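Trainee: mmCIF, C-alpha atoms and all ligand atoms; chains and numbers go by the auth columns, file model.cif:
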data_run
#
loop_
_atom_site.group_PDB
_atom_site.id
_atom_site.type_symbol
_atom_site.label_atom_id
_atom_site.label_comp_id
_atom_site.label_asym_id
_atom_site.label_seq_id
_atom_site.Cartn_x
_atom_site.Cartn_y
_atom_site.Cartn_z
_atom_site.B_iso_or_equiv
_atom_site.auth_seq_id
_atom_site.auth_asym_id
ATOM 1 C CA MET A 1 4.352 -6.440 13.202 0.00 1213 A
ATOM 2 C CA GLN A 2 4.182 -4.410 10.020 0.00 1214 A
ATOM 3 C CA ILE A 3 1.702 -5.701 7.454 0.00 1215 A
ATOM 4 C CA VAL A 4 2.401 -4.398 3.962 0.00 1216 A
ATOM 5 C CA LEU A 5 -0.399 -4.617 1.392 0.00 1217 A
ATOM 6 C CA ILE A 6 0.741 -4.656 -2.211 0.00 1218 A
ATOM 7 C CA GLY A 7 -1.504 -4.682 -5.244 0.00 1219 A
ATOM 8 C CA PRO A 8 -2.428 -2.698 -8.338 0.00 1220 A
ATOM 9 C CA PRO A 9 -5.007 0.101 -8.151 0.00 1221 A
ATOM 10 C CA GLY A 10 -8.435 -1.456 -7.661 0.00 1222 A
ATOM 11 C CA ALA A 11 -7.108 -4.652 -6.042 0.00 1223 A
ATOM 12 C CA GLY A 12 -8.903 -3.840 -2.789 0.00 1224 A
ATOM 13 C CA LYS A 13 -5.922 -2.813 -0.653 0.00 1225 A
ATOM 14 C CA GLY A 14 -7.793 0.078 0.942 0.00 1226 A
ATOM 15 C CA THR A 15 -10.937 -1.918 1.706 0.00 1227 A
ATOM 16 C CA GLN A 16 -9.024 -4.844 3.164 0.00 1228 A
ATOM 17 C CA ALA A 17 -6.645 -2.590 5.099 0.00 1229 A
ATOM 18 C CA VAL A 18 -9.541 -0.857 6.850 0.00 1230 A
ATOM 19 C CA ARG A 19 -11.098 -4.177 7.857 0.00 1231 A
ATOM 20 C CA LEU A 20 -7.796 -5.611 8.984 0.00 1232 A
ATOM 21 C CA ALA A 21 -7.014 -2.505 11.027 0.00 1233 A
ATOM 22 C CA GLU A 22 -10.359 -2.744 12.774 0.00 1234 A
ATOM 23 C CA HIS A 23 -10.022 -6.450 13.396 0.00 1235 A
ATOM 24 C CA LEU A 24 -6.455 -6.303 14.710 0.00 1236 A
ATOM 25 C CA GLN A 25 -6.869 -2.895 16.373 0.00 1237 A
ATOM 26 C CA THR A 26 -3.773 -1.702 14.547 0.00 1238 A
ATOM 27 C CA PRO A 27 -3.296 1.687 12.857 0.00 1239 A
ATOM 28 C CA HIS A 28 -3.932 1.856 9.130 0.00 1240 A
ATOM 29 C CA LEU A 29 -1.550 4.018 7.120 0.00 1241 A
ATOM 30 C CA SER A 30 -2.687 4.807 3.613 0.00 1242 A
ATOM 31 C CA THR A 31 -0.120 6.937 1.808 0.00 1243 A
ATOM 32 C CA GLY A 32 -2.683 7.681 -0.920 0.00 1244 A
ATOM 33 C CA GLU A 33 -5.061 9.060 1.709 0.00 1245 A
ATOM 34 C CA MET A 34 -2.321 10.987 3.507 0.00 1246 A
ATOM 35 C CA LEU A 35 -1.259 12.535 0.201 0.00 1247 A
ATOM 36 C CA ARG A 36 -4.837 13.347 -0.836 0.00 1248 A
ATOM 37 C CA ASP A 37 -5.319 15.081 2.546 0.00 1249 A
ATOM 38 C CA ALA A 38 -2.104 17.024 2.042 0.00 1250 A
ATOM 39 C CA CYS A 39 -3.311 18.102 -1.408 0.00 1251 A
ATOM 40 C CA GLN A 40 -6.626 19.280 -0.008 0.00 1252 A
ATOM 41 C CA GLN A 41 -4.989 21.203 2.797 0.00 1253 A
ATOM 42 C CA GLN A 42 -2.474 22.624 0.323 0.00 1254 A
ATOM 43 C CA THR A 43 0.501 21.842 2.537 0.00 1255 A
ATOM 44 C CA GLU A 44 4.008 21.964 1.032 0.00 1256 A
ATOM 45 C CA VAL A 45 3.859 18.195 0.464 0.00 1257 A
ATOM 46 C CA GLY A 46 0.407 18.537 -1.065 0.00 1258 A
ATOM 47 C CA LYS A 47 1.501 21.220 -3.478 0.00 1259 A
ATOM 48 C CA ARG A 48 4.358 19.069 -4.693 0.00 1260 A
ATOM 49 C CA ALA A 49 2.294 15.893 -4.936 0.00 1261 A
ATOM 50 C CA SER A 50 -0.923 17.142 -6.454 0.00 1262 A
ATOM 51 C CA GLU A 51 0.039 17.487 -10.105 0.00 1263 A
ATOM 52 C CA ILE A 52 2.029 14.224 -10.053 0.00 1264 A
ATOM 53 C CA MET A 53 -0.942 12.327 -8.613 0.00 1265 A
ATOM 54 C CA GLN A 54 -3.344 13.764 -11.152 0.00 1266 A
ATOM 55 C CA ARG A 55 -1.196 12.244 -13.885 0.00 1267 A
ATOM 56 C CA GLY A 56 -1.293 8.867 -12.154 0.00 1268 A
ATOM 57 C CA HIS A 57 2.428 8.907 -11.431 0.00 1269 A
ATOM 58 C CA LEU A 58 4.207 8.075 -8.198 0.00 1270 A
ATOM 59 C CA VAL A 59 5.336 10.946 -6.014 0.00 1271 A
ATOM 60 C CA PRO A 60 9.069 11.024 -5.166 0.00 1272 A
ATOM 61 C CA ASP A 61 10.302 8.402 -2.696 0.00 1273 A
ATOM 62 C CA ALA A 62 11.844 10.947 -0.323 0.00 1274 A
ATOM 63 C CA LEU A 63 8.559 12.753 0.077 0.00 1275 A
ATOM 64 C CA VAL A 64 6.532 9.633 0.859 0.00 1276 A
ATOM 65 C CA ASN A 65 9.221 8.170 3.107 0.00 1277 A
ATOM 66 C CA GLU A 66 9.148 11.284 5.221 0.00 1278 A
ATOM 67 C CA ILE A 67 5.404 11.255 5.852 0.00 1279 A
ATOM 68 C CA VAL A 68 5.383 7.519 6.571 0.00 1280 A
ATOM 69 C CA PHE A 69 8.326 7.528 8.991 0.00 1281 A
ATOM 70 C CA GLN A 70 6.863 10.487 10.809 0.00 1282 A
ATOM 71 C CA ARG A 71 3.588 8.605 11.251 0.00 1283 A
ATOM 72 C CA LEU A 72 5.327 5.344 12.226 0.00 1284 A
ATOM 73 C CA SER A 73 7.153 7.233 14.994 0.00 1285 A
ATOM 74 C CA GLU A 74 3.896 8.048 16.719 0.00 1286 A
ATOM 75 C CA ALA A 75 2.967 6.166 19.877 0.00 1287 A
ATOM 76 C CA ASP A 76 0.057 4.175 18.458 0.00 1288 A
ATOM 77 C CA CYS A 77 2.300 2.580 15.808 0.00 1289 A
ATOM 78 C CA GLN A 78 4.866 1.204 18.267 0.00 1290 A
ATOM 79 C CA SER A 79 3.629 -2.368 18.026 0.00 1291 A
ATOM 80 C CA GLY A 80 2.946 -2.301 14.319 0.00 1292 A
ATOM 81 C CA ALA A 81 0.905 -0.856 11.495 0.00 1293 A
ATOM 82 C CA ILE A 82 -0.920 -1.805 8.352 0.00 1294 A
ATOM 83 C CA LEU A 83 0.800 -0.182 5.410 0.00 1295 A
ATOM 84 C CA ASP A 84 -1.553 0.371 2.507 0.00 1296 A
ATOM 85 C CA GLY A 85 0.181 1.695 -0.596 0.00 1297 A
ATOM 86 C CA PHE A 86 3.653 1.914 0.918 0.00 1298 A
ATOM 87 C CA PRO A 87 6.258 0.831 -0.034 0.00 1299 A
ATOM 88 C CA ARG A 88 5.526 1.084 -3.738 0.00 1300 A
ATOM 89 C CA THR A 89 9.072 0.969 -5.083 0.00 1301 A
ATOM 90 C CA VAL A 90 12.138 -1.080 -4.176 0.00 1302 A
ATOM 91 C CA PRO A 91 14.004 2.010 -2.872 0.00 1303 A
ATOM 92 C CA GLN A 92 11.036 2.755 -0.589 0.00 1304 A
ATOM 93 C CA ALA A 93 11.170 -0.827 0.703 0.00 1305 A
ATOM 94 C CA VAL A 94 14.902 -0.551 1.349 0.00 1306 A
ATOM 95 C CA SER A 95 14.344 2.704 3.261 0.00 1307 A
ATOM 96 C CA LEU A 96 11.523 1.102 5.236 0.00 1308 A
ATOM 97 C CA ASP A 97 13.704 -1.874 6.159 0.00 1309 A
ATOM 98 C CA GLY A 98 16.461 0.512 7.251 0.00 1310 A
ATOM 99 C CA TRP A 99 14.068 2.538 9.361 0.00 1311 A
ATOM 100 C CA LEU A 100 12.486 -0.554 10.936 0.00 1312 A
ATOM 101 C CA SER A 101 15.808 -2.108 11.847 0.00 1313 A
ATOM 102 C CA GLU A 102 17.027 1.193 13.342 0.00 1314 A
ATOM 103 C CA HIS A 103 13.919 1.134 15.493 0.00 1315 A
ATOM 104 C CA SER A 104 14.213 -2.596 16.289 0.00 1316 A
ATOM 105 C CA ARG A 105 10.935 -3.439 14.629 0.00 1317 A
ATOM 106 C CA LEU A 106 11.853 -6.434 12.606 0.00 1318 A
ATOM 107 C CA LYS A 107 8.682 -8.381 11.970 0.00 1319 A
ATOM 108 C CA ILE A 108 7.144 -7.775 8.576 0.00 1320 A
ATOM 109 C CA VAL A 109 4.806 -9.603 6.210 0.00 1321 A
ATOM 110 C CA ALA A 110 4.033 -8.478 2.667 0.00 1322 A
ATOM 111 C CA LEU A 111 0.675 -9.513 1.214 0.00 1323 A
ATOM 112 C CA GLU A 112 0.235 -9.391 -2.534 0.00 1324 A
ATOM 113 C CA LEU A 113 -3.412 -8.946 -3.521 0.00 1325 A
ATOM 114 C CA ARG A 114 -3.548 -10.514 -6.952 0.00 1326 A
ATOM 115 C CA VAL A 115 -6.377 -9.568 -9.318 0.00 1327 A
ATOM 116 C CA ALA A 116 -6.596 -9.994 -13.114 0.00 1328 A
ATOM 117 C CA GLU A 117 -6.240 -6.785 -15.112 0.00 1329 A
ATOM 118 C CA GLU A 118 -9.722 -7.027 -16.733 0.00 1330 A
ATOM 119 C CA GLU A 119 -11.348 -7.237 -13.312 0.00 1331 A
ATOM 120 C CA LEU A 120 -9.314 -4.238 -12.089 0.00 1332 A
ATOM 121 C CA LEU A 121 -10.416 -2.112 -15.021 0.00 1333 A
ATOM 122 C CA GLU A 122 -14.030 -3.053 -14.401 0.00 1334 A
ATOM 123 C CA ARG A 123 -13.797 -2.207 -10.699 0.00 1335 A
ATOM 124 C CA LEU A 124 -12.052 1.117 -11.332 0.00 1336 A
ATOM 125 C CA ALA A 125 -14.595 2.141 -13.955 0.00 1337 A
ATOM 126 C CA THR A 126 -17.302 2.054 -11.287 0.00 1338 A
ATOM 127 C CA ARG A 127 -15.327 3.604 -8.379 0.00 1339 A
ATOM 128 C CA GLY A 128 -15.503 7.181 -9.618 0.00 1340 A
ATOM 129 C CA ARG A 129 -12.518 8.758 -7.848 0.00 1341 A
ATOM 130 C CA GLN A 130 -10.828 11.700 -9.560 0.00 1342 A
ATOM 131 C CA ASP A 131 -7.721 9.640 -10.380 0.00 1343 A
ATOM 132 C CA ASP A 132 -9.880 6.816 -11.763 0.00 1344 A
ATOM 133 C CA ASP A 133 -10.331 8.354 -15.234 0.00 1345 A
ATOM 134 C CA ARG A 134 -9.409 5.762 -17.818 0.00 1346 A
ATOM 135 C CA GLU A 135 -6.227 7.506 -19.004 0.00 1347 A
ATOM 136 C CA VAL A 136 -5.049 7.969 -15.438 0.00 1348 A
ATOM 137 C CA VAL A 137 -5.955 4.399 -14.520 0.00 1349 A
ATOM 138 C CA LEU A 138 -3.856 3.092 -17.375 0.00 1350 A
ATOM 139 C CA ALA A 139 -0.954 5.292 -16.252 0.00 1351 A
ATOM 140 C CA ARG A 140 -1.316 3.982 -12.693 0.00 1352 A
ATOM 141 C CA LEU A 141 -1.356 0.380 -13.883 0.00 1353 A
ATOM 142 C CA LYS A 142 1.759 1.049 -15.938 0.00 1354 A
ATOM 143 C CA GLN A 143 3.499 2.567 -12.902 0.00 1355 A
ATOM 144 C CA TYR A 144 2.466 -0.477 -10.877 0.00 1356 A
ATOM 145 C CA ASN A 145 3.843 -2.909 -13.416 0.00 1357 A
ATOM 146 C CA GLU A 146 7.103 -1.041 -13.881 0.00 1358 A
ATOM 147 C CA LEU A 147 7.899 0.279 -10.414 0.00 1359 A
ATOM 148 C CA THR A 148 5.912 -1.695 -7.866 0.00 1360 A
ATOM 149 C CA ARG A 149 6.017 -5.238 -9.280 0.00 1361 A
ATOM 150 C CA PRO A 150 9.773 -5.558 -8.598 0.00 1362 A
ATOM 151 C CA LEU A 151 8.881 -5.187 -4.913 0.00 1363 A
ATOM 152 C CA LEU A 152 7.258 -8.597 -5.024 0.00 1364 A
ATOM 153 C CA ASP A 153 10.607 -10.220 -5.837 0.00 1365 A
ATOM 154 C CA TYR A 154 12.278 -8.130 -3.177 0.00 1366 A
ATOM 155 C CA TYR A 155 9.939 -9.460 -0.478 0.00 1367 A
ATOM 156 C CA ARG A 156 9.840 -12.965 -1.991 0.00 1368 A
ATOM 157 C CA ASP A 157 13.634 -13.143 -1.754 0.00 1369 A
ATOM 158 C CA ARG A 158 13.418 -12.126 1.888 0.00 1370 A
ATOM 159 C CA GLY A 159 10.895 -14.938 2.474 0.00 1371 A
ATOM 160 C CA VAL A 160 8.147 -12.611 3.735 0.00 1372 A
ATOM 161 C CA LEU A 161 5.825 -12.483 0.718 0.00 1373 A
ATOM 162 C CA ARG A 162 2.414 -14.148 0.833 0.00 1374 A
ATOM 163 C CA VAL A 163 0.094 -14.123 -2.178 0.00 1375 A
ATOM 164 C CA VAL A 164 -3.662 -13.721 -1.772 0.00 1376 A
ATOM 165 C CA ASP A 165 -6.185 -14.241 -4.552 0.00 1377 A
ATOM 166 C CA GLY A 166 -7.917 -10.865 -4.446 0.00 1378 A
ATOM 167 C CA SER A 167 -10.623 -11.617 -7.005 0.00 1379 A
ATOM 168 C CA GLY A 168 -14.250 -12.013 -6.013 0.00 1380 A
ATOM 169 C CA ASP A 169 -16.013 -11.420 -2.751 0.00 1381 A
ATOM 170 C CA ILE A 170 -14.618 -8.932 -0.203 0.00 1382 A
ATOM 171 C CA ASP A 171 -15.471 -11.202 2.765 0.00 1383 A
ATOM 172 C CA GLU A 172 -13.785 -14.206 1.208 0.00 1384 A
ATOM 173 C CA VAL A 173 -10.630 -12.229 0.496 0.00 1385 A
ATOM 174 C CA PHE A 174 -10.626 -10.894 4.040 0.00 1386 A
ATOM 175 C CA THR A 175 -10.915 -14.413 5.468 0.00 1387 A
ATOM 176 C CA LYS A 176 -7.904 -15.493 3.410 0.00 1388 A
ATOM 177 C CA ILE A 177 -5.878 -12.495 4.548 0.00 1389 A
ATOM 178 C CA LEU A 178 -6.745 -13.090 8.172 0.00 1390 A
ATOM 179 C CA ALA A 179 -5.723 -16.752 7.959 0.00 1391 A
ATOM 180 C CA ILE A 180 -2.308 -15.743 6.621 0.00 1392 A
ATOM 181 C CA VAL A 181 -1.790 -13.028 9.218 0.00 1393 A
ATOM 182 C CA ARG A 182 -2.747 -15.421 12.037 0.00 1394 A
ATOM 183 C CA LYS A 183 -0.303 -18.014 10.756 0.00 1395 A
ATOM 184 C CA VAL A 184 2.523 -15.519 10.437 0.00 1396 A
ATOM 185 C CA THR A 185 1.969 -13.989 13.888 0.00 1397 A
ATOM 186 C CA LYS A 186 2.016 -17.454 15.491 0.00 1398 A
ATOM 187 C CA ASN A 187 5.498 -18.180 14.154 0.00 1399 A
HETATM 188 P P1 LIG B . -3.589 5.008 -3.624 0.00 1401 A
HETATM 189 O O1 LIG B . -4.718 5.635 -2.896 0.00 1401 A
HETATM 190 O O2 LIG B . -2.755 4.111 -2.751 0.00 1401 A
HETATM 191 O O3 LIG B . -3.997 4.336 -4.886 0.00 1401 A
HETATM 192 O O4 LIG B . -2.599 6.209 -4.050 0.00 1401 A
HETATM 193 C C1 LIG B . -3.035 7.274 -4.849 0.00 1401 A
HETATM 194 C C2 LIG B . -1.851 7.999 -5.459 0.00 1401 A
HETATM 195 O O5 LIG B . -1.007 8.524 -4.424 0.00 1401 A
HETATM 196 C C3 LIG B . -0.924 7.133 -6.306 0.00 1401 A
HETATM 197 O O6 LIG B . -1.387 6.995 -7.618 0.00 1401 A
HETATM 198 C C4 LIG B . 0.377 7.930 -6.226 0.00 1401 A
HETATM 199 O O7 LIG B . 0.357 9.058 -7.080 0.00 1401 A
HETATM 200 C C5 LIG B . 0.368 8.442 -4.793 0.00 1401 A
HETATM 201 N N1 LIG B . 1.036 7.490 -3.867 0.00 1401 A
HETATM 202 C C6 LIG B . 0.451 6.774 -2.864 0.00 1401 A
HETATM 203 N N2 LIG B . 1.364 6.031 -2.227 0.00 1401 A
HETATM 204 C C7 LIG B . 2.548 6.261 -2.829 0.00 1401 A
HETATM 205 C C8 LIG B . 3.863 5.774 -2.638 0.00 1401 A
HETATM 206 N N3 LIG B . 4.140 4.865 -1.672 0.00 1401 A
HETATM 207 N N4 LIG B . 4.846 6.235 -3.447 0.00 1401 A
HETATM 208 C C9 LIG B . 4.589 7.139 -4.397 0.00 1401 A
HETATM 209 N N5 LIG B . 3.364 7.632 -4.664 0.00 1401 A
HETATM 210 C C10 LIG B . 2.341 7.205 -3.875 0.00 1401 A
#
Now that the file is in, can you turn its structure into structure tokens?

Mentor:
Amino acid sequence: MQIVLIGPPGAGKGTQAVRLAEHLQTPHLSTGEMLRDACQQQTEVGKRASEIMQRGHLVPDALVNEIVFQRLSEADCQSGAILDGFPRTVPQAVSLDGWLSEHSRLKIVALELRVAEEELLERLATRGRQDDDREVVLARLKQYNELTRPLLDYYRDRGVLRVVDGSGDIDEVFTKILAIVRKVTKN
């Protein structure tokens, strides 16, 4: 099964994805991490993505799709993966659905990690990553609201969206996520 984590920057997607991956022994794909690696190694993808990421914008769909589908084709992802930060736009989700159905991998659950904006800003102010400067954070939140939020309706309409209250304690949030995943995998 593919588990898609959706949430604004600072919602805890990365933290929860790592824990979930460990618990379920399933690969964790973070497009943000893959892109940051590509930037550091100055690959072709990295060169194209770097300046866009520094502004807090989303890199082009085609570029992200390519790195994700390549990774999903690898042997360890055959029975599923935890997707952290992908899809982030409706066209990415449509491409993912197309790819999954071509590869007969139909089971998917999308988890929305919901956190109030004030709490996000507080968390991001103390995280200290290069793209966490206030200006950039605001740009990333704007991109989330404009481009990623419509994804929630997309998955809600397909009946695969589950909402998790992502505020507060990391352990509590993880317990809620796990309960949902267990329920979905039983069905
Ligand atoms: P993240 O670590 O998930 O917050 O991602 C960091 C940055 O990588 C984002 O602000 C985007 O610039 C870029 N990025 C990550 N995932 C995607 C995606 N699915 N589509 C477009 N850009 C992405």

Trainee: I'd like to see the residues matched by the PyMOL selection byres (((not hetatm)) within 7 of (chain A and resi 1401)) on this file, and ideally I'd get them as a PDB file with C-alpha atoms, in the frame of the given file.

Mentor:
ATOM      1  CA  PRO A1221      -5.007   0.101  -8.151  1.00  0.00           C
ATOM      2  CA  SER A1242      -2.687   4.807   3.613  1.00  0.00           C
ATOM      3  CA  THR A1243      -0.120   6.937   1.808  1.00  0.00           C
ATOM      4  CA  GLY A1244      -2.683   7.681  -0.920  1.00  0.00           C
ATOM      5  CA  GLU A1245      -5.061   9.060   1.709  1.00  0.00           C
ATOM      6  CA  LEU A1247      -1.259  12.535   0.201  1.00  0.00           C
ATOM      7  CA  ILE A1264       2.029  14.224 -10.053  1.00  0.00           C
ATOM      8  CA  MET A1265      -0.942  12.327  -8.613  1.00  0.00           C
ATOM      9  CA  GLY A1268      -1.293   8.867 -12.154  1.00  0.00           C
ATOM     10  CA  HIS A1269       2.428   8.907 -11.431  1.00  0.00           C
ATOM     11  CA  LEU A1270       4.207   8.075  -8.198  1.00  0.00           C
ATOM     12  CA  VAL A1271       5.336  10.946  -6.014  1.00  0.00           C
ATOM     13  CA  PRO A1272       9.069  11.024  -5.166  1.00  0.00           C
ATOM     14  CA  ASP A1273      10.302   8.402  -2.696  1.00  0.00           C
ATOM     15  CA  VAL A1276       6.532   9.633   0.859  1.00  0.00           C
ATOM     16  CA  ASP A1296      -1.553   0.371   2.507  1.00  0.00           C
ATOM     17  CA  GLY A1297       0.181   1.695  -0.596  1.00  0.00           C
ATOM     18  CA  PHE A1298       3.653   1.914   0.918  1.00  0.00           C
ATOM     19  CA  PRO A1299       6.258   0.831  -0.034  1.00  0.00           C
ATOM     20  CA  ARG A1300       5.526   1.084  -3.738  1.00  0.00           C
ATOM     21  CA  THR A1301       9.072   0.969  -5.083  1.00  0.00           C
ATOM     22  CA  ARG A1352      -1.316   3.982 -12.693  1.00  0.00           C
TER      23      ARG A1352
END

Trainee: Can you pull out the residues contacting range 1384-1389 of chain A? Cut-off 8 Å, using all atoms listed in the file, and skip same-chain residues under 5 positions away; I want them as a VMD selection string.

Mentor: chain A and resid 1228 1231 to 1232 1323 1376 to 1379

Trainee: Selection from above, C-alpha atoms, as a compact mmCIF listing (two decimals), keeping the file's coordinate frame, can you write it?

Mentor:
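Output contents, as saved in part-v1.txt:
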# COMPACT_ATOMS: atom_id res chain seq x y z
CA GLN A 1228 -9.02 -4.84 3.16
CA ARG A 1231 -11.10 -4.18 7.86
CA LEU A 1232 -7.80 -5.61 8.98
CA LEU A 1323 0.68 -9.51 1.21
CA VAL A 1376 -3.66 -13.72 -1.77
CA ASP A 1377 -6.18 -14.24 -4.55
CA GLY A 1378 -7.92 -10.86 -4.45
CA SER A 1379 -10.62 -11.62 -7.00

Trainee: Closest to Ser1285 in chain A among A:Arg1267, A:Leu1373, A:Val1257, A:His1315, using only C-alpha atoms?

Mentor: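 Comparing A:Arg1267, A:Leu1373, A:Val1257, A:His1315 against Ser1285 in chain A, the winner is A:His1315.
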
Trainee: Every residue with an atom at most 7 Å from (6.4, -9.2, 6.3) (file coordinates; only C-alpha atoms) is what I'm after, so could you write them as a VMD selection string?

Mentor: chain A and resid 1214 to 1216 1319 to 1322 1372 to 1373

Trainee: Hey, what comes out of the PyMOL selection byres (((chain A and resi 1239) around 9) and not hetatm) on this file? Could you write it as a list in words?

Mentor: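 Matching residues under the PyMOL selection byres (((chain A and resi 1239) around 9) and not hetatm) are Ala1233, Glu1234, Leu1236, Gln1237, Thr1238, His1240, Leu1241, Asp1288, Cys1289, Gly1292, Ala1293, Ile1294 and Leu1295 of chain A.
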
Trainee: Going by the chain IDs and residue numbers used in this file, which residues fall under the PyMOL selection byres (((chain A and resi 1399) around 12) and not hetatm)? Write them as a count of residues only.

Mentor: 11

Trainee: Out of A:Gly1380, A:Ser1307, A:Gly1222, A:Leu1217, which residue has the shortest atom-to-atom distance to Glu1278 in chain A when counting all atoms listed in the file?

Mentor: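 With all atoms listed in the file as the atom set, the closest residue is A:Ser1307.
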
Trainee: Find, counting only C-alpha atoms, the residue in A:Glu1324, A:Glu1329, A:Glu1314, A:Glu1286 that gets nearest to Thr1360 in chain A.

Mentor: A:Glu1324

Trainee: Produce the centre coordinates and the three edge lengths, each in Å to one decimal, of the box along x, y and z that contains all listed atoms of range 1273-1286 of chain A with 4 Å added on each side, as AutoDock Vina command-line options.

Mentor:
--center_x 7.7 --center_y 9.0 --center_z 7.0 --size_x 16.3 --size_y 15.4 --size_z 27.4

Trainee: What is the CA of Pro1303 in chain A-CA of Leu1363 in chain A distance in Å, reported with one decimal?

Mentor: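 Computing the Euclidean distance for CA of Pro1303 in chain A and CA of Leu1363 in chain A yields 9.1 Å.
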
Trainee: Could you tell me how far CA of Ala1351 in chain A lies from CA of Ala1274 in chain A, in Å and to one decimal?

Mentor: 21.2 Å

Trainee: How far is it from CA of Phe1281 in chain A to CA of Leu1312 in chain A, in Å with one decimal?

Mentor: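 These atoms are spaced 9.3 Å apart.
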
Trainee: Quick one: of A:Asp1365, A:Glu1331, A:Glu1263, A:Asp1343, who's nearest to Ala1305 in chain A, counting all atoms listed in the file?

Mentor: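 Comparing A:Asp1365, A:Glu1331, A:Glu1263, A:Asp1343 against Ala1305 in chain A, the winner is A:Asp1365.
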
Trainee: Would you please work out which residue, of A:Gln1290, A:Gly1340, A:Glu1330, A:Ala1250, is nearest to Ser1316 in chain A when using all atoms listed in the file?

Mentor: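 When distances to Ser1316 in chain A are compared using all atoms listed in the file, the smallest one comes from A:Gln1290.
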
Trainee: So, with all atoms listed in the file as the atoms that count, which of A:Gly1224, A:Gly1258, A:Gly1371, A:Gly1219 lies closest to Met1246 in chain A?

Mentor: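 Checking each candidate against Met1246 in chain A, we get A:Gly1258 as the closest.
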
Trainee: Take the structure in the block and write a file for range 1306-1311 of chain A, all heavy atoms, as a PDB file, in the first residue's frame.

Mentor:
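Okay, part00.pdb is ready:
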ATOM      1  N   VAL A1306      -2.505  12.917 -10.112  1.00  0.00           N
ATOM      2  CA  VAL A1306      -3.068  12.237 -11.283  1.00  0.00           C
ATOM      3  C   VAL A1306      -1.985  11.360 -11.923  1.00  0.00           C
ATOM      4  O   VAL A1306      -2.237  10.199 -12.263  1.00  0.00           O
ATOM      5  CB  VAL A1306      -3.628  13.270 -12.301  1.00  0.00           C
ATOM      6  CG1 VAL A1306      -4.038  12.603 -13.599  1.00  0.00           C
ATOM      7  CG2 VAL A1306      -4.804  14.037 -11.681  1.00  0.00           C
ATOM      8  N   SER A1307      -0.779  11.904 -12.028  1.00  0.00           N
ATOM      9  CA  SER A1307       0.331  11.109 -12.600  1.00  0.00           C
ATOM     10  C   SER A1307       0.625   9.897 -11.722  1.00  0.00           C
ATOM     11  O   SER A1307       0.875   8.803 -12.229  1.00  0.00           O
ATOM     12  CB  SER A1307       1.614  11.934 -12.709  1.00  0.00           C
ATOM     13  OG  SER A1307       1.411  13.032 -13.536  1.00  0.00           O
ATOM     14  N   LEU A1308       0.605  10.115 -10.401  1.00  0.00           N
ATOM     15  CA  LEU A1308       0.874   8.994  -9.491  1.00  0.00           C
ATOM     16  C   LEU A1308      -0.185   7.908  -9.665  1.00  0.00           C
ATOM     17  O   LEU A1308       0.136   6.725  -9.777  1.00  0.00           O
ATOM     18  CB  LEU A1308       0.911   9.470  -8.029  1.00  0.00           C
ATOM     19  CG  LEU A1308       1.070   8.363  -6.984  1.00  0.00           C
ATOM     20  CD1 LEU A1308       2.427   7.659  -7.111  1.00  0.00           C
ATOM     21  CD2 LEU A1308       0.909   8.918  -5.555  1.00  0.00           C
ATOM     22  N   ASP A1309      -1.457   8.314  -9.712  1.00  0.00           N
ATOM     23  CA  ASP A1309      -2.522   7.330  -9.891  1.00  0.00           C
ATOM     24  C   ASP A1309      -2.331   6.542 -11.185  1.00  0.00           C
ATOM     25  O   ASP A1309      -2.530   5.331 -11.220  1.00  0.00           O
ATOM     26  CB  ASP A1309      -3.891   8.026  -9.924  1.00  0.00           C
ATOM     27  CG  ASP A1309      -4.396   8.277  -8.511  1.00  0.00           C
ATOM     28  OD1 ASP A1309      -3.899   7.614  -7.576  1.00  0.00           O
ATOM     29  OD2 ASP A1309      -5.282   9.132  -8.346  1.00  0.00           O
ATOM     30  N   GLY A1310      -1.961   7.274 -12.249  1.00  0.00           N
ATOM     31  CA  GLY A1310      -1.726   6.628 -13.545  1.00  0.00           C
ATOM     32  C   GLY A1310      -0.607   5.603 -13.430  1.00  0.00           C
ATOM     33  O   GLY A1310      -0.749   4.455 -13.853  1.00  0.00           O
ATOM     34  N   TRP A1311       0.474   6.024 -12.811  1.00  0.00           N
ATOM     35  CA  TRP A1311       1.639   5.142 -12.674  1.00  0.00           C
ATOM     36  C   TRP A1311       1.277   3.914 -11.831  1.00  0.00           C
ATOM     37  O   TRP A1311       1.606   2.791 -12.187  1.00  0.00           O
ATOM     38  CB  TRP A1311       2.802   5.909 -12.037  1.00  0.00           C
ATOM     39  CG  TRP A1311       4.114   5.177 -12.111  1.00  0.00           C
ATOM     40  CD1 TRP A1311       5.047   5.290 -13.088  1.00  0.00           C
ATOM     41  CD2 TRP A1311       4.604   4.201 -11.168  1.00  0.00           C
ATOM     42  NE1 TRP A1311       6.104   4.445 -12.817  1.00  0.00           N
ATOM     43  CE2 TRP A1311       5.859   3.772 -11.655  1.00  0.00           C
ATOM     44  CE3 TRP A1311       4.113   3.657  -9.989  1.00  0.00           C
ATOM     45  CZ2 TRP A1311       6.633   2.826 -10.990  1.00  0.00           C
ATOM     46  CZ3 TRP A1311       4.881   2.699  -9.329  1.00  0.00           C
ATOM     47  CH2 TRP A1311       6.124   2.299  -9.819  1.00  0.00           C
TER      48      TRP A1311
END
